[in-house]
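Accompanying notes for the structure given below.
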Amino acid sequence: PTPTPTPTPTPQPSELLTLAQDAYALGDWETARQGYAQMRAFPLGPEENAQATLGLAQTLIATDAFSDAIQLLGDYLILNPTAPEAPEARLILARALNAAEMPLAAAEQYLALLSSTPSLSPYLYEWLGDAYRAGGTPEEALAAYANVLASPLNVSQQVFVREKRALLYAGLGDYTAALAEYDAILAVAQIPAYRARIAYQAADTARLFGDLDEAYARFYNIIATYPQENYAHQALVHLVNANQPVDEMLRGLINYHAGSYTPAIAAFYRIINAGKVPADEPRYYAGMSYLESGEAQLAAEEFARLLADYPQSAYAGSALLRLGQAREALGLTERALTAYEAVSIDFPEHPRAAEGLRRAAELLERTGALEESAAAFETLATRYPEDSGAPAARFRAGLNYYRADNPTAAIASWERLLAWYPSATQAQAARFWIGKTHLVAGETISATTMLNAAAAQAPWSFYGLRASELLAGEAPFTPAEGALLPCGSPAEQAEAEAWLINWLGLDPATEVSALSPTLQSDARLQRGALLLRAGYFDQARTELEAVRTQHDYDPLAQYQLALWFRDIGLYRSSIIAASTIRQLHPTSEITEVPRFLGCLSYPTYYAELVEPNAAEFDLDPLVIYALIRQESLFEGFATSHAAAHGLMQVIPPTGQEIHAALGWPPNYETRDLYRPLVSVRFGAWYLARQRDRFAGALTPALAGYNGGPGNAARWLERAGGDIDLFTELIAFNETRTYVERLTEHYARYQWLYTAP
């Protein structure tokens, strides 16, 4: 007979809760929804019921099921209006109501929260004002914002609230009050670009209300005070269109800085043709306008005329440098070199004389004249040894001699660098390259001596690590064999805490892992935790980071916060806190602190996503961990200045490309990049694609991940396939630093998580 199968045990509520919470943290909405829904089918106690309800509501919001979330939370609050979880429920409900375009209903929740959770009042009043404003009740919005201003605020919060009030007053026709708000902002704001914007909004408000004298006075102030800001150009347009007189030089400069080159040139030529003042300054900026707009021939003519007519002008040295740029753009290499080199000959004391020599050396390098380029870099360092670029010039000279197959001259250049600038950041690089040059020549003893010196100088820096790899005959990013070691056992934590007690001279009985009474009583921690649970990530991070930075020099507080942040899922702050402890310790390197602390600094969060994707795409999981740490510090909701999203910082166009290739996930949207399960899979696929493009080499693959695969391919071709030369020839500073940091992160991950 066929055996009767053993029934699958029905998951218990606690198991379903863990399953659902984990799925939600990974961005697996369907699994989270099913887990919470199944859990709610059980008879639950008050705490379990709240966790299931709030978790399900958050999941519904994540999938745009706002109406379902509103109904669910509304029912919960009717039955549990005073439950400990009610404030969190109201915050989540307000999010759902705003997303469903029901701002006045959201306002009701904020009002209820003002009574139950007054510690949130600065946020609640601002959100209440936003809700009233969106709901078309501006008077109520103004009253709410007034309550915000009565609360303790930092300058950023204050000015943003005042800006909203100014717009409301303008909408209500209260011109005087609107202007007063803008002036209050200008009394405290410091950032020039922001001040220019606010000043422009104030001036434009005066214009719209017909107070033209006030408007023009404010526009004049903007163009005089912030000529390089875009808002100065907008102010200038208003003044010109109103036939208000504007100084021609100022008019030209504002247009130039705004990239409006044709009217800039016209203004400069009106000055030149008037003949009332020396024409060197307007000619210089006319030339710059031509140069920036791509009219290199006209630019060259302007700079040449300036040099002929005003050889002693304060602009002459800069004009000669720009003449070189114009000639270079025209393909006149020899004449460009003559101009660049003449800057230091004709104007040896000019602040940009060394720049002329550097540009000449770089032009020679780009044209393949490597030995001549090296000599030019040497000339720069010899003539201007105190220039901040002199050590880099000597290093680059050696590198170009090396590329020109002149190892003797290369080593001599690097040795001069070490003699002149032994403490420069390029000193370790020089030792590394001297060692590599000897190694390429088969001079093993000399190579070993210098590579060991490079490795000893800073073992965990990029050049120290590469020196050690060369000595071991290993390629960059060579994976270790075997499974990853676990980290974070109770025994390792106890060891770390004993080390901390010993270092800080604490009583051995001190409980170091729990938050101190000082931290526990800090209202910002409680506010931040509540806001984080309710999905208000930016506000939560602001509150919690303020606590962390306040205790920047307290290792014990940083340790306690590192654990607490980790436990609430604020991984970025946890990593920074743990790293701060290492930086405060006299011997801060990863090998000199307990392994538990190292693992807090270099964690393996999201292992359930990283390791299967690494296996599928044949990547070392430690490379992915290192990449995530560099990209986002494991913060899933991170967004970069370039609009890269999520853990692995995939930009939207690349995300669309990867989705098309994978055909997953269904109904993909850009915001899916914030879901860890999407971000990790997309990032791993894209990195594997770059690796395959570069025949398995991860260094150019990582450079391509950050700086674009086409650029990485060009740099690798220029390097002749030499990985170390490739890194030196990366043209983007950000990408070069990215490759170096990933090398350093990967080495630390290997040390922590692989067997010796």
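Residue numbering restarts at 1 in every chain; chains get A, B, ... in the order shown in the structure tokens, and ligands count up from 1 in that same order.
With only C-alpha atoms taken into account, the protein and nucleic acid residues at most 9 Å from Leu532 in chain A (excluding it and anything under 6 positions from it in its own chain) are Asp538, Gln539, Ala540, Arg541, Ile568 and Leu570 of chain A.
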Fewer than 3 positions away in the same chain doesn't count, so skip those; otherwise give me all residues within 9 Å of Leu250 in chain A, counting only C-alpha atoms, as a PDB file with C-alpha atoms, in the first residue's frame.
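Result file is selection_7.pdb:
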ATOM      1  CA  ILE A 223      22.236  90.370 -10.330  1.00  0.00           C
ATOM      2  CA  ALA A 224      24.799  92.288  -8.288  1.00  0.00           C
ATOM      3  CA  PRO A 227      25.838  86.931 -10.859  1.00  0.00           C
ATOM      4  CA  VAL A 246      21.918  97.307 -16.584  1.00  0.00           C
ATOM      5  CA  ASP A 247      25.702  97.623 -16.583  1.00  0.00           C
ATOM      6  CA  LEU A 253      28.894  88.069 -17.237  1.00  0.00           C
ATOM      7  CA  ILE A 254      25.446  86.957 -16.098  1.00  0.00           C
ATOM      8  CA  ASN A 255      24.608  85.699 -19.574  1.00  0.00           C
ATOM      9  CA  ALA A 267      27.065  92.790 -24.405  1.00  0.00           C
TER      10      ALA A 267
END
### Selection: 12 Å around Thr580 in chain A, only C-alpha atoms, excl. self and same-chain fewer than 2 positions, as a VMD selection string
chain A and resid 548 to 549 551 to 559 561 to 562 573 to 578 582 to 586 588 to 589 597 to 598 600 to 601
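Shortest separation to Glu616 in chain A among A:Trp420, A:Trp685, A:Tyr132, A:Phe462 occurs at residue A:Trp685, atoms counted being only C-alpha atoms.
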### Task
Return the single residue from A:Ser516, A:Asp280, A:Leu506, A:Ala199 that is closest to Pro311 in chain A, with distances computed using only C-alpha atoms.
A:Asp280
### Query
If we count only C-alpha atoms, what is near range 628-641 of chain A at a cut-off of 6 Å, once residues fewer than 4 positions away on the same chain are taken out, given as a list in words?
Tyr571, Arg572, His645, Gly646, Leu647, Met648 and Tyr674 of chain A
